[in-house]
Amino acid sequence: MRRSITYLNAVIKTYAILFFSQNKVLGCILLLSTFFNPVAGVSGLFCVLLSIAVTTALNYPRDTINAGIYSFNSLLLGLAFGTFYEVNLYYVIWLIVACLLVVMVTVILAERLGKLGLPVLSLPFIFCFWLVLLGANNVFDNRLLQKSSFIVTEIYNTSPYSSFNLLSYATLFFRSLSAIIFQDNVIVGLLVAIGLLIHSRISFCLLIIGFVVACCFNSATGVYPNGISFYYLGANFMMTAVAVGSFFLIPSGRSYLAAILCIPIVFLLSNAFAGLLSLYNLPIFSLPFCTVNIILLYFLLLRKSPGKLQLVPLQHYSPERNLYQFLNQKERLSGLKYFPLQLPFMGKWTVSQGYDGTITHKSDWAEALDFVIKDEEAKTYKLPGISPEDYYCFNKPVQACGDGMVANVINHVDDNAIGEENNRENWGNTVVIKHLEGLYSKVSHLKKGSVKVKTGDLVKRGDLIGLCGNSGRSPEPHLHFQVQATPYIDAKTIAYPFDYYSSNNGESFNSFAIPSEGEVICAPNINNPLKKAFDLQPGYTATIEAASGTESIEVFADELGQTYIYSHQTEALAYFVNDGTLFYFTSFYGDKRSLLYYFYLAAFKVNFSDGVVVKDAYPLQITPNKFKLWLQDMVAPFYRFIDLGYQSEAGQQTGDMIIRSAQYQDKKLVMNAEIQIRNNTIDKFEIHINGKDIQAQWLKGSIY
């Protein structure tokens, strides 16, 4: 039964992916629409089933098969066969042969182009159906009988009919949409438009933009004096606008402009290919669309940096989700672009001199920090304060701020008397650690003879490397810290954040930030039972029970090492990160009625420190007000007016840990939840959202 459902889903997604979608409603509409031409509908469905069966039997990647990647070109082949030829015995024979050829070409091109980061598009269908047409038109014909129909004439037509005089623009728009699936039917076009509107408001807007720009450009230039063929409009101009503006690029004002600028290129390619292929009596089909998209993508992939015209990093088959997920992760996951560096000390220290300091942090050495320890009276020493030992930070342990290899060590410089400086050995006793190529950290003014490491040693984050001292240019004990790109003692500084630290007596939590001068900071105070409860390593299993049902969940790691929770019952999955200080989800896929989804909402971001308020933002696609979301979708590439916030805080309650979280839409509370931690594991969670109260018990969790 489950295999049959999977097979059915693969069929529906094959239809949906014609419009760069995995939306099942759109897929079903397209499937039914193809049967307005029954022969084409049956042929297309047969080819889809055959291609899925062949690729499944030959053990090709299951995810690719289920997404319809290997079968949508076969669908186009079946639709074209049913449109061009009469049914007879030879029709069936050549349909099967051509379908198998399309499958082979699709697999090969998908593999080869995929290595370059390029899509296969409809190239396998175009090449293979050209072979069929050439064979049918050959002196040794293959017994295929060509139909006479308006759509076939339109596909071949290089001097289009006067569409504008005979039909309204609305009629032409819907006919153009229907032509993408080899139809000439306004009703089919209307059904497809409805399906596309359900799938994506951004894509629908770009279809209109592509249609309008193509018609206006043609009116201005007179490329086609009698009007553009509706097949050309749909399969090339309109689809190019959708692909460039919203599928391959993150939707934005720039992507819309790129889509518009591609329209004249499609005119050029359409004319050039039509002239060339007319020599062999072959239609251009969607070759201009394929060509302009592959050229543009490869051109953009060759950039050294993404710039502001951003390619989609992870394809969700929804322009809205691509956009919202990209924007959300760009803000939330900015820390992942950094190698994590922690504070190089324990306890509370004060930044006595920050970046661009007025004393020594100037010019090439401006991005550096000096730290001291102060008492309640803001003094750095206890009386009498005449020797280094009187200063609170003197002799305090200094730690490695991150994993790495010791690149440089100085350990022989004498500590200064208070008020004196050693300007000849400016940095004093120093340790430089290499973390990555081009990323080094340096601590200076250490105590003479206190350095515990030597050049070449491997150190782990938090390892003791020395003691705070008063060597070098240091009139009183303090710790100098900087990040640099080279291993040299006097290297230039670079701005670089610490991963996490607390300030204002632990009330403020800072994530990948640079402390300011005068700020009192310390490492976050981690609650170990809370940290242990969310230590969900691959292999972790649990059962979630609620009145609505039971779900068995398990933690896996994908081929990139990213961890996710998978629900065996609903097949939903939620990706997450646990870096030892925070647990947070990065994305969710699947059924939003799943108990895993409710846990995703409740535990969106959890800080392992007591009493720290965590604020974050959800991706906008989970907005509960769907009407408002649709309005947002229309203008999302240019302006976002929905604010979907998250807040959580962990605290003690009658011996247990309780995490309270809430969701706010435009500052209005729309969800609240509680997660209870007991005996170092998640015990249960409750959530109130959209008028629902869900109470779920967390059972049989693996405890490490």
# chains A, B, ... in the order shown; residues from 1 in each chain; ligands from 1
$ residues_around --residues "range 542-555 of chain A" --least-positions-apart "2" --cutoff "7 Å" --atoms "only C-alpha atoms" --output "PDB file with C-alpha atoms, in the first residue's frame"
ATOM      1  CA  LEU A 536      19.746  14.287  19.910  1.00  0.00           C
ATOM      2  CA  GLN A 537      22.480  12.329  18.196  1.00  0.00           C
ATOM      3  CA  PRO A 538      21.909  10.174  15.084  1.00  0.00           C
ATOM      4  CA  GLY A 539      20.251   6.973  16.283  1.00  0.00           C
ATOM      5  CA  TYR A 540      18.176   8.707  18.968  1.00  0.00           C
ATOM      6  CA  THR A 563      21.087  16.181  11.453  1.00  0.00           C
ATOM      7  CA  TYR A 564      17.321  15.884  11.241  1.00  0.00           C
ATOM      8  CA  ILE A 565      14.395  14.321  13.094  1.00  0.00           C
ATOM      9  CA  TYR A 566      12.228  12.008  10.990  1.00  0.00           C
ATOM     10  CA  SER A 567       8.649  10.918  11.744  1.00  0.00           C
ATOM     11  CA  HIS A 568       8.098   7.371  10.486  1.00  0.00           C
ATOM     12  CA  GLN A 569       4.312   7.758  10.409  1.00  0.00           C
ATOM     13  CA  GLN A 695      -0.698  17.776  24.777  1.00  0.00           C
ATOM     14  CA  ALA A 696       1.981  15.294  23.793  1.00  0.00           C
ATOM     15  CA  GLN A 697       3.937  12.817  25.887  1.00  0.00           C
ATOM     16  CA  TRP A 698       7.554  12.122  24.906  1.00  0.00           C
ATOM     17  CA  LEU A 699       8.229   8.421  25.524  1.00  0.00           C
ATOM     18  CA  LYS A 700      11.059   5.924  25.177  1.00  0.00           C
ATOM     19  CA  GLY A 701      13.659   8.517  24.313  1.00  0.00           C
ATOM     20  CA  SER A 702      17.222   7.246  24.134  1.00  0.00           C
TER      21      SER A 702
END
$ select_by_dssp --residues "range 447-506 of chain A" --states "strand (DSSP E or B)" --output "number ranges by chain"
A: 458-459, 464-468, 471, 479-484, 493-494, 498-503
$ write_last_selection --atoms "C-alpha atoms" --output "PDB file, in the first residue's frame"
ATOM      1  CA  LEU A 458      47.218  20.559  18.743  1.00  0.00           C
ATOM      2  CA  VAL A 459      44.819  22.261  21.134  1.00  0.00           C
ATOM      3  CA  LEU A 464      44.669  25.900  29.165  1.00  0.00           C
ATOM      4  CA  ILE A 465      47.410  27.651  27.171  1.00  0.00           C
ATOM      5  CA  GLY A 466      48.848  30.060  29.746  1.00  0.00           C
ATOM      6  CA  LEU A 467      48.209  32.637  32.482  1.00  0.00           C
ATOM      7  CA  CYS A 468      47.365  36.306  32.225  1.00  0.00           C
ATOM      8  CA  SER A 471      54.625  41.409  29.800  1.00  0.00           C
ATOM      9  CA  LEU A 479      44.818  40.208  28.359  1.00  0.00           C
ATOM     10  CA  HIS A 480      45.105  41.238  24.722  1.00  0.00           C
ATOM     11  CA  PHE A 481      43.099  39.260  22.136  1.00  0.00           C
ATOM     12  CA  GLN A 482      42.918  39.569  18.368  1.00  0.00           C
ATOM     13  CA  VAL A 483      42.150  37.581  15.240  1.00  0.00           C
ATOM     14  CA  GLN A 484      44.498  37.746  12.244  1.00  0.00           C
ATOM     15  CA  THR A 493      44.109  42.425  12.929  1.00  0.00           C
ATOM     16  CA  ILE A 494      40.787  41.449  11.352  1.00  0.00           C
ATOM     17  CA  PHE A 498      32.934  35.481  19.476  1.00  0.00           C
ATOM     18  CA  ASP A 499      30.310  32.773  19.058  1.00  0.00           C
ATOM     19  CA  TYR A 500      28.350  33.250  22.305  1.00  0.00           C
ATOM     20  CA  TYR A 501      28.737  35.327  25.448  1.00  0.00           C
ATOM     21  CA  SER A 502      26.552  36.883  28.123  1.00  0.00           C
ATOM     22  CA  SER A 503      26.597  40.483  29.310  1.00  0.00           C
TER      23      SER A 503
END
$ select_by_dssp --residues "range 164-339 of chain A" --states "alpha helix (DSSP H)" --output "NGL selection string"
:A and (164-166 or 169-179 or 186-199 or 201-221 or 230-232 or 239-242 or 253-277 or 287-301 or 319-332)
$ residues_around --residues "Phe604 in chain A" --least-positions-apart "4" --cutoff "10 Å" --atoms "only C-alpha atoms" --output "mmCIF file with N, CA, C and O atoms, in the first residue's frame"
data_model
loop_
_atom_site.group_PDB
_atom_site.id
_atom_site.type_symbol
_atom_site.label_atom_id
_atom_site.label_comp_id
_atom_site.auth_asym_id
_atom_site.auth_seq_id
_atom_site.Cartn_x
_atom_site.Cartn_y
_atom_site.Cartn_z
ATOM 1 N N PHE A 576 17.913 20.292 12.253
ATOM 2 C CA PHE A 576 18.254 21.081 13.439
ATOM 3 C C PHE A 576 19.764 21.159 13.612
ATOM 4 O O PHE A 576 20.530 20.398 13.009
ATOM 5 N N PHE A 583 20.088 24.911 20.793
ATOM 6 C CA PHE A 583 19.435 23.939 19.912
ATOM 7 C C PHE A 583 18.444 24.743 19.080
ATOM 8 O O PHE A 583 17.632 25.497 19.623
ATOM 9 N N TYR A 584 18.519 24.604 17.753
ATOM 10 C CA TYR A 584 17.558 25.333 16.933
ATOM 11 C C TYR A 584 17.283 24.577 15.637
ATOM 12 O O TYR A 584 18.150 23.898 15.086
ATOM 13 N N PHE A 585 16.035 24.693 15.183
ATOM 14 C CA PHE A 585 15.634 24.089 13.918
ATOM 15 C C PHE A 585 15.967 25.035 12.772
ATOM 16 O O PHE A 585 15.875 26.264 12.899
ATOM 17 N N THR A 586 16.335 24.454 11.640
ATOM 18 C CA THR A 586 16.648 25.255 10.457
ATOM 19 C C THR A 586 15.582 25.142 9.378
ATOM 20 O O THR A 586 15.380 26.088 8.616
ATOM 21 N N SER A 587 14.891 24.007 9.282
ATOM 22 C CA SER A 587 13.841 23.863 8.269
ATOM 23 C C SER A 587 12.972 22.658 8.590
ATOM 24 O O SER A 587 13.407 21.732 9.282
ATOM 25 N N TYR A 598 4.544 20.346 15.437
ATOM 26 C CA TYR A 598 4.223 21.124 16.630
ATOM 27 C C TYR A 598 5.438 21.241 17.553
ATOM 28 O O TYR A 598 5.656 22.282 18.189
ATOM 29 N N PHE A 599 6.244 20.188 17.613
ATOM 30 C CA PHE A 599 7.474 20.272 18.400
ATOM 31 C C PHE A 599 8.449 21.250 17.748
ATOM 32 O O PHE A 599 9.143 22.011 18.446
ATOM 33 N N TYR A 600 8.500 21.253 16.429
ATOM 34 C CA TYR A 600 9.331 22.206 15.681
ATOM 35 C C TYR A 600 8.952 23.639 16.029
ATOM 36 O O TYR A 600 9.819 24.496 16.260
ATOM 37 N N ASP A 616 13.784 35.166 18.072
ATOM 38 C CA ASP A 616 14.135 34.690 16.737
ATOM 39 C C ASP A 616 12.967 34.991 15.802
ATOM 40 O O ASP A 616 11.966 35.590 16.212
ATOM 41 N N ALA A 617 13.085 34.568 14.563
ATOM 42 C CA ALA A 617 12.022 34.787 13.576
ATOM 43 C C ALA A 617 11.776 33.503 12.803
ATOM 44 O O ALA A 617 12.720 32.835 12.369
ATOM 45 N N TYR A 618 10.504 33.133 12.650
ATOM 46 C CA TYR A 618 10.124 31.986 11.830
ATOM 47 C C TYR A 618 10.173 32.366 10.341
ATOM 48 O O TYR A 618 9.985 33.539 9.991
ATOM 49 N N TYR A 646 9.486 34.725 17.260
ATOM 50 C CA TYR A 646 9.543 33.602 18.213
ATOM 51 C C TYR A 646 10.287 34.068 19.454
ATOM 52 O O TYR A 646 11.235 34.862 19.369
ATOM 53 N N GLN A 647 9.850 33.552 20.596
ATOM 54 C CA GLN A 647 10.523 33.873 21.854
ATOM 55 C C GLN A 647 10.458 32.666 22.781
ATOM 56 O O GLN A 647 9.442 31.972 22.837
ATOM 57 N N SER A 648 11.551 32.402 23.488
ATOM 58 C CA SER A 648 11.558 31.287 24.440
ATOM 59 C C SER A 648 12.437 31.637 25.629
ATOM 60 O O SER A 648 13.324 32.498 25.550
ATOM 61 N N SER A 661 7.673 28.950 25.310
ATOM 62 C CA SER A 661 7.910 29.605 24.032
ATOM 63 C C SER A 661 6.618 30.202 23.495
ATOM 64 O O SER A 661 5.515 29.822 23.912
ATOM 65 N N ALA A 662 6.758 31.135 22.580
ATOM 66 C CA ALA A 662 5.592 31.819 22.020
ATOM 67 C C ALA A 662 5.894 32.248 20.590
ATOM 68 O O ALA A 662 7.054 32.476 20.217
ATOM 69 N N GLN A 663 4.823 32.355 19.806
ATOM 70 C CA GLN A 663 4.915 32.853 18.436
ATOM 71 C C GLN A 663 4.094 34.131 18.347
ATOM 72 O O GLN A 663 2.967 34.191 18.853
#
$ residues_around --residues "Phe35 in chain A" --least-positions-apart "5" --cutoff "12 Å" --atoms "only C-alpha atoms" --output "VMD selection string"
chain A and resid 28 to 30 40 to 45 78 to 79 82 to 83 181 to 183 185 188
$ write_last_selection --atoms "N, CA and C atoms" --output "CSV table (one decimal), in the first residue's frame"
chain,number,residue,atom,x,y,z
A,28,CYS,N,-2.3,17.3,-10.0
A,28,CYS,CA,-3.5,16.6,-10.4
A,28,CYS,C,-4.3,17.4,-11.4
A,29,ILE,N,-4.3,18.7,-11.3
A,29,ILE,CA,-4.9,19.6,-12.4
A,29,ILE,C,-4.3,19.3,-13.7
A,30,LEU,N,-2.9,19.3,-13.8
A,30,LEU,CA,-2.2,19.1,-15.0
A,30,LEU,C,-2.5,17.7,-15.6
A,40,ALA,N,-3.4,12.0,-26.2
A,40,ALA,CA,-2.2,12.6,-25.6
A,40,ALA,C,-2.2,12.3,-24.1
A,41,GLY,N,-3.3,12.4,-23.4
A,41,GLY,CA,-3.4,12.1,-22.0
A,41,GLY,C,-3.0,10.7,-21.6
A,42,VAL,N,-3.5,9.7,-22.4
A,42,VAL,CA,-3.1,8.3,-22.1
A,42,VAL,C,-1.7,8.1,-22.4
A,43,SER,N,-1.2,8.6,-23.5
A,43,SER,CA,0.2,8.4,-23.9
A,43,SER,C,1.1,9.0,-22.9
A,44,GLY,N,0.8,10.2,-22.5
A,44,GLY,CA,1.7,10.9,-21.5
A,44,GLY,C,1.7,10.1,-20.2
A,45,LEU,N,0.6,9.6,-19.7
A,45,LEU,CA,0.5,8.9,-18.5
A,45,LEU,C,1.3,7.5,-18.6
A,78,GLY,N,5.2,11.7,-24.5
A,78,GLY,CA,3.8,11.1,-24.7
A,78,GLY,C,2.8,12.1,-25.1
A,79,LEU,N,2.8,13.3,-24.5
A,79,LEU,CA,1.9,14.3,-25.0
A,79,LEU,C,2.1,14.7,-26.4
A,82,GLY,N,0.8,12.0,-28.8
A,82,GLY,CA,-0.6,12.0,-28.9
A,82,GLY,C,-1.1,13.2,-29.7
A,83,THR,N,-0.3,14.3,-29.7
A,83,THR,CA,-0.7,15.5,-30.4
A,83,THR,C,-0.3,15.4,-31.9
A,181,ILE,N,1.3,22.2,-22.4
A,181,ILE,CA,1.1,20.8,-22.3
A,181,ILE,C,0.4,20.3,-23.6
A,182,PHE,N,0.8,21.0,-24.7
A,182,PHE,CA,0.3,20.6,-26.1
A,182,PHE,C,-1.2,20.6,-26.3
A,183,GLN,N,-1.8,21.6,-25.7
A,183,GLN,CA,-3.2,21.8,-25.9
A,183,GLN,C,-3.5,23.2,-26.5
A,185,ASN,N,-6.6,25.1,-25.8
A,185,ASN,CA,-7.9,25.1,-25.2
A,185,ASN,C,-7.9,26.1,-24.0
A,188,VAL,N,-8.6,24.6,-20.6
A,188,VAL,CA,-7.3,24.0,-20.0
A,188,VAL,C,-6.4,25.0,-19.5
$ residues_around --residues "range 87-90 of chain A" --least-positions-apart "3" --cutoff "9 Å" --atoms "only C-alpha atoms" --output "ChimeraX atom specification"
/A:39,82,93-95,142-145
$ write_last_selection --atoms "N, CA and C atoms" --output "PDB file, in the first residue's frame"
ATOM      1  N   VAL A  39      -6.023  10.922 -26.313  1.00  0.00           N
ATOM      2  CA  VAL A  39      -4.878  10.144 -26.805  1.00  0.00           C
ATOM      3  C   VAL A  39      -3.582  10.667 -26.193  1.00  0.00           C
ATOM      4  N   GLY A  82       0.823  11.987 -28.804  1.00  0.00           N
ATOM      5  CA  GLY A  82      -0.633  12.036 -28.922  1.00  0.00           C
ATOM      6  C   GLY A  82      -1.125  13.240 -29.679  1.00  0.00           C
ATOM      7  N   ILE A  93       4.556   1.000 -30.768  1.00  0.00           N
ATOM      8  CA  ILE A  93       5.949   0.516 -30.807  1.00  0.00           C
ATOM      9  C   ILE A  93       6.928   1.667 -30.658  1.00  0.00           C
ATOM     10  N   TRP A  94       6.734   2.707 -31.495  1.00  0.00           N
ATOM     11  CA  TRP A  94       7.697   3.808 -31.473  1.00  0.00           C
ATOM     12  C   TRP A  94       7.572   4.654 -30.199  1.00  0.00           C
ATOM     13  N   LEU A  95       6.374   4.693 -29.617  1.00  0.00           N
ATOM     14  CA  LEU A  95       6.208   5.404 -28.344  1.00  0.00           C
ATOM     15  C   LEU A  95       7.044   4.745 -27.250  1.00  0.00           C
ATOM     16  N   ASN A 142       8.614   5.394 -40.788  1.00  0.00           N
ATOM     17  CA  ASN A 142       8.400   4.436 -39.705  1.00  0.00           C
ATOM     18  C   ASN A 142       6.917   4.169 -39.450  1.00  0.00           C
ATOM     19  N   ARG A 143       6.097   4.458 -40.472  1.00  0.00           N
ATOM     20  CA  ARG A 143       4.653   4.155 -40.449  1.00  0.00           C
ATOM     21  C   ARG A 143       3.859   4.979 -39.437  1.00  0.00           C
ATOM     22  N   LEU A 144       4.415   6.092 -38.972  1.00  0.00           N
ATOM     23  CA  LEU A 144       3.656   6.988 -38.112  1.00  0.00           C
ATOM     24  C   LEU A 144       2.843   7.934 -38.988  1.00  0.00           C
ATOM     25  N   LEU A 145       1.555   8.092 -38.651  1.00  0.00           N
ATOM     26  CA  LEU A 145       0.655   8.926 -39.441  1.00  0.00           C
ATOM     27  C   LEU A 145       0.427  10.248 -38.712  1.00  0.00           C
TER      28      LEU A 145
END
$ atom_distance --atom1 "CA of Thr221 in chain A" --atom2 "CA of Leu233 in chain A"
15.9 Å
$ residues_around --residues "His316 in chain A" --least-positions-apart "5" --cutoff "10 Å" --atoms "only C-alpha atoms" --output "PDB file with C-alpha atoms, in the first residue's frame"
ATOM      1  CA  PHE A  20       8.871  23.751 -11.450  1.00  0.00           C
ATOM      2  CA  SER A  21       6.588  22.546  -8.683  1.00  0.00           C
ATOM      3  CA  GLN A  22       5.978  19.595  -6.396  1.00  0.00           C
ATOM      4  CA  PHE A 247      12.891  29.205  -9.712  1.00  0.00           C
ATOM      5  CA  ARG A 321       9.515  29.000   0.225  1.00  0.00           C
ATOM      6  CA  ASN A 322      12.824  29.555  -1.582  1.00  0.00           C
ATOM      7  CA  LEU A 323      12.566  33.250  -0.772  1.00  0.00           C
ATOM      8  CA  GLN A 325      13.704  30.222   3.750  1.00  0.00           C
ATOM      9  CA  TYR A 589       9.413  19.470   5.437  1.00  0.00           C
TER      10      TYR A 589
END
$ residues_around --residues "Gly234 in chain A" --least-positions-apart "2" --cutoff "9 Å" --atoms "only C-alpha atoms" --output "ChimeraX atom specification"
/A:173-180,207,211,229-232,236-239
$ write_last_selection --atoms "N, CA, C and O atoms" --output "compact mmCIF listing (two decimals), in the first residue's frame"
# COMPACT_ATOMS: atom_id res chain seq x y z
N PHE A 173 -3.65 34.54 -23.44
CA PHE A 173 -2.88 34.13 -22.26
C PHE A 173 -3.21 32.69 -21.89
O PHE A 173 -2.30 31.87 -21.67
N PHE A 174 -4.49 32.35 -21.83
CA PHE A 174 -4.88 31.00 -21.42
C PHE A 174 -4.52 29.97 -22.49
O PHE A 174 -4.14 28.84 -22.16
N ARG A 175 -4.64 30.33 -23.76
CA ARG A 175 -4.22 29.40 -24.83
C ARG A 175 -2.71 29.14 -24.73
O ARG A 175 -2.25 28.01 -24.96
N SER A 176 -1.96 30.19 -24.41
CA SER A 176 -0.51 30.03 -24.28
C SER A 176 -0.16 29.09 -23.14
O SER A 176 0.77 28.27 -23.25
N LEU A 177 -0.90 29.19 -22.03
CA LEU A 177 -0.67 28.27 -20.93
C LEU A 177 -1.00 26.84 -21.32
O LEU A 177 -0.26 25.90 -20.99
N SER A 178 -2.09 26.65 -22.02
CA SER A 178 -2.48 25.29 -22.42
C SER A 178 -1.49 24.70 -23.41
O SER A 178 -1.30 23.48 -23.44
N ALA A 179 -0.85 25.56 -24.21
CA ALA A 179 0.10 25.07 -25.22
C ALA A 179 1.31 24.41 -24.59
O ALA A 179 1.97 23.57 -25.23
N ILE A 180 1.63 24.76 -23.33
CA ILE A 180 2.79 24.16 -22.66
C ILE A 180 2.60 22.66 -22.51
O ILE A 180 3.57 21.90 -22.51
N LEU A 207 4.40 34.74 -14.86
CA LEU A 207 3.77 34.31 -16.11
C LEU A 207 3.13 35.50 -16.81
O LEU A 207 3.28 35.68 -18.03
N PHE A 211 4.33 37.25 -20.34
CA PHE A 211 3.36 37.41 -21.42
C PHE A 211 3.29 38.86 -21.89
O PHE A 211 3.38 39.16 -23.09
N SER A 229 3.08 33.51 -31.89
CA SER A 229 2.42 32.21 -31.74
C SER A 229 2.15 31.93 -30.27
O SER A 229 3.00 32.16 -29.42
N PHE A 230 0.94 31.44 -29.95
CA PHE A 230 0.65 31.17 -28.54
C PHE A 230 1.51 30.05 -27.99
O PHE A 230 1.78 29.99 -26.80
N TYR A 231 1.97 29.13 -28.86
CA TYR A 231 2.88 28.09 -28.37
C TYR A 231 4.22 28.72 -27.97
O TYR A 231 4.78 28.41 -26.92
N TYR A 232 4.76 29.61 -28.82
CA TYR A 232 6.00 30.29 -28.48
C TYR A 232 5.86 31.06 -27.17
O TYR A 232 6.75 31.04 -26.32
N ASN A 236 8.11 29.21 -24.24
CA ASN A 236 9.40 29.87 -24.24
C ASN A 236 9.40 31.18 -23.45
O ASN A 236 10.13 31.32 -22.47
N PHE A 237 8.58 32.13 -23.85
CA PHE A 237 8.63 33.45 -23.21
C PHE A 237 8.11 33.41 -21.78
O PHE A 237 8.78 33.90 -20.85
N MET A 238 6.92 32.87 -21.57
CA MET A 238 6.33 32.87 -20.24
C MET A 238 7.09 31.95 -19.29
O MET A 238 7.34 32.30 -18.13
N MET A 239 7.50 30.77 -19.77
CA MET A 239 8.23 29.84 -18.91
C MET A 239 9.62 30.36 -18.57
O MET A 239 10.14 30.11 -17.49
$ closest_atom_pairs --of "range 528-570 of chain A" --to "range 682-685 of chain A" --cutoff "9 Å" --atoms "only C-alpha atoms" --output "CSV"
residue,atom,partner,partner_atom,distance
A:Leu530,CA,A:Ile682,CA,8.8
A:Ala533,CA,A:Ile682,CA,5.7
A:Phe534,CA,A:Ile682,CA,7.6
A:Ile544,CA,A:Lys684,CA,8.4
$ write_last_selection --atoms "N, CA and C atoms" --output "PDB file, in the first residue's frame"
ATOM      1  N   LEU A 530      19.466  20.458  30.813  1.00  0.00           N
ATOM      2  CA  LEU A 530      18.789  20.967  29.621  1.00  0.00           C
ATOM      3  C   LEU A 530      19.584  20.635  28.366  1.00  0.00           C
ATOM      4  N   ALA A 533      19.188  16.949  27.555  1.00  0.00           N
ATOM      5  CA  ALA A 533      17.874  16.588  27.025  1.00  0.00           C
ATOM      6  C   ALA A 533      17.792  16.787  25.522  1.00  0.00           C
ATOM      7  N   PHE A 534      18.512  17.782  25.013  1.00  0.00           N
ATOM      8  CA  PHE A 534      18.464  18.082  23.574  1.00  0.00           C
ATOM      9  C   PHE A 534      19.680  17.542  22.827  1.00  0.00           C
ATOM     10  N   ILE A 544       6.195   9.904  20.331  1.00  0.00           N
ATOM     11  CA  ILE A 544       5.381  11.031  20.771  1.00  0.00           C
ATOM     12  C   ILE A 544       3.925  10.603  20.726  1.00  0.00           C
TER      13      ILE A 544
END
$ atom_distance --atom1 "CA of Val192 in chain A" --atom2 "CA of Ser33 in chain A"
7.7 Å
$ decode --residues "range 529-554 of chain A" --atoms "C-alpha atoms" --output "mmCIF file, in the first residue's frame"
data_model
loop_
_atom_site.group_PDB
_atom_site.id
_atom_site.type_symbol
_atom_site.label_atom_id
_atom_site.label_comp_id
_atom_site.auth_asym_id
_atom_site.auth_seq_id
_atom_site.Cartn_x
_atom_site.Cartn_y
_atom_site.Cartn_z
ATOM 1 C CA PRO A 529 20.339 18.723 32.272
ATOM 2 C CA LEU A 530 18.789 20.967 29.621
ATOM 3 C CA LYS A 531 21.742 20.493 27.317
ATOM 4 C CA LYS A 532 21.609 16.719 27.798
ATOM 5 C CA ALA A 533 17.874 16.588 27.025
ATOM 6 C CA PHE A 534 18.464 18.082 23.574
ATOM 7 C CA ASP A 535 21.533 16.004 22.791
ATOM 8 C CA LEU A 536 19.746 14.287 19.910
ATOM 9 C CA GLN A 537 22.480 12.329 18.196
ATOM 10 C CA PRO A 538 21.909 10.174 15.084
ATOM 11 C CA GLY A 539 20.251 6.973 16.283
ATOM 12 C CA TYR A 540 18.176 8.707 18.968
ATOM 13 C CA THR A 541 14.603 7.374 18.985
ATOM 14 C CA ALA A 542 11.446 8.394 20.795
ATOM 15 C CA THR A 543 7.685 8.018 20.606
ATOM 16 C CA ILE A 544 5.381 11.031 20.771
ATOM 17 C CA GLU A 545 1.854 10.274 21.950
ATOM 18 C CA ALA A 546 -1.127 12.632 21.777
ATOM 19 C CA ALA A 547 -4.898 12.381 21.444
ATOM 20 C CA SER A 548 -4.512 12.820 17.678
ATOM 21 C CA GLY A 549 -2.192 9.816 17.343
ATOM 22 C CA THR A 550 1.274 8.412 17.927
ATOM 23 C CA GLU A 551 4.476 9.106 16.015
ATOM 24 C CA SER A 552 7.786 7.283 16.179
ATOM 25 C CA ILE A 553 10.664 9.652 15.557
ATOM 26 C CA GLU A 554 14.313 8.995 14.861
#
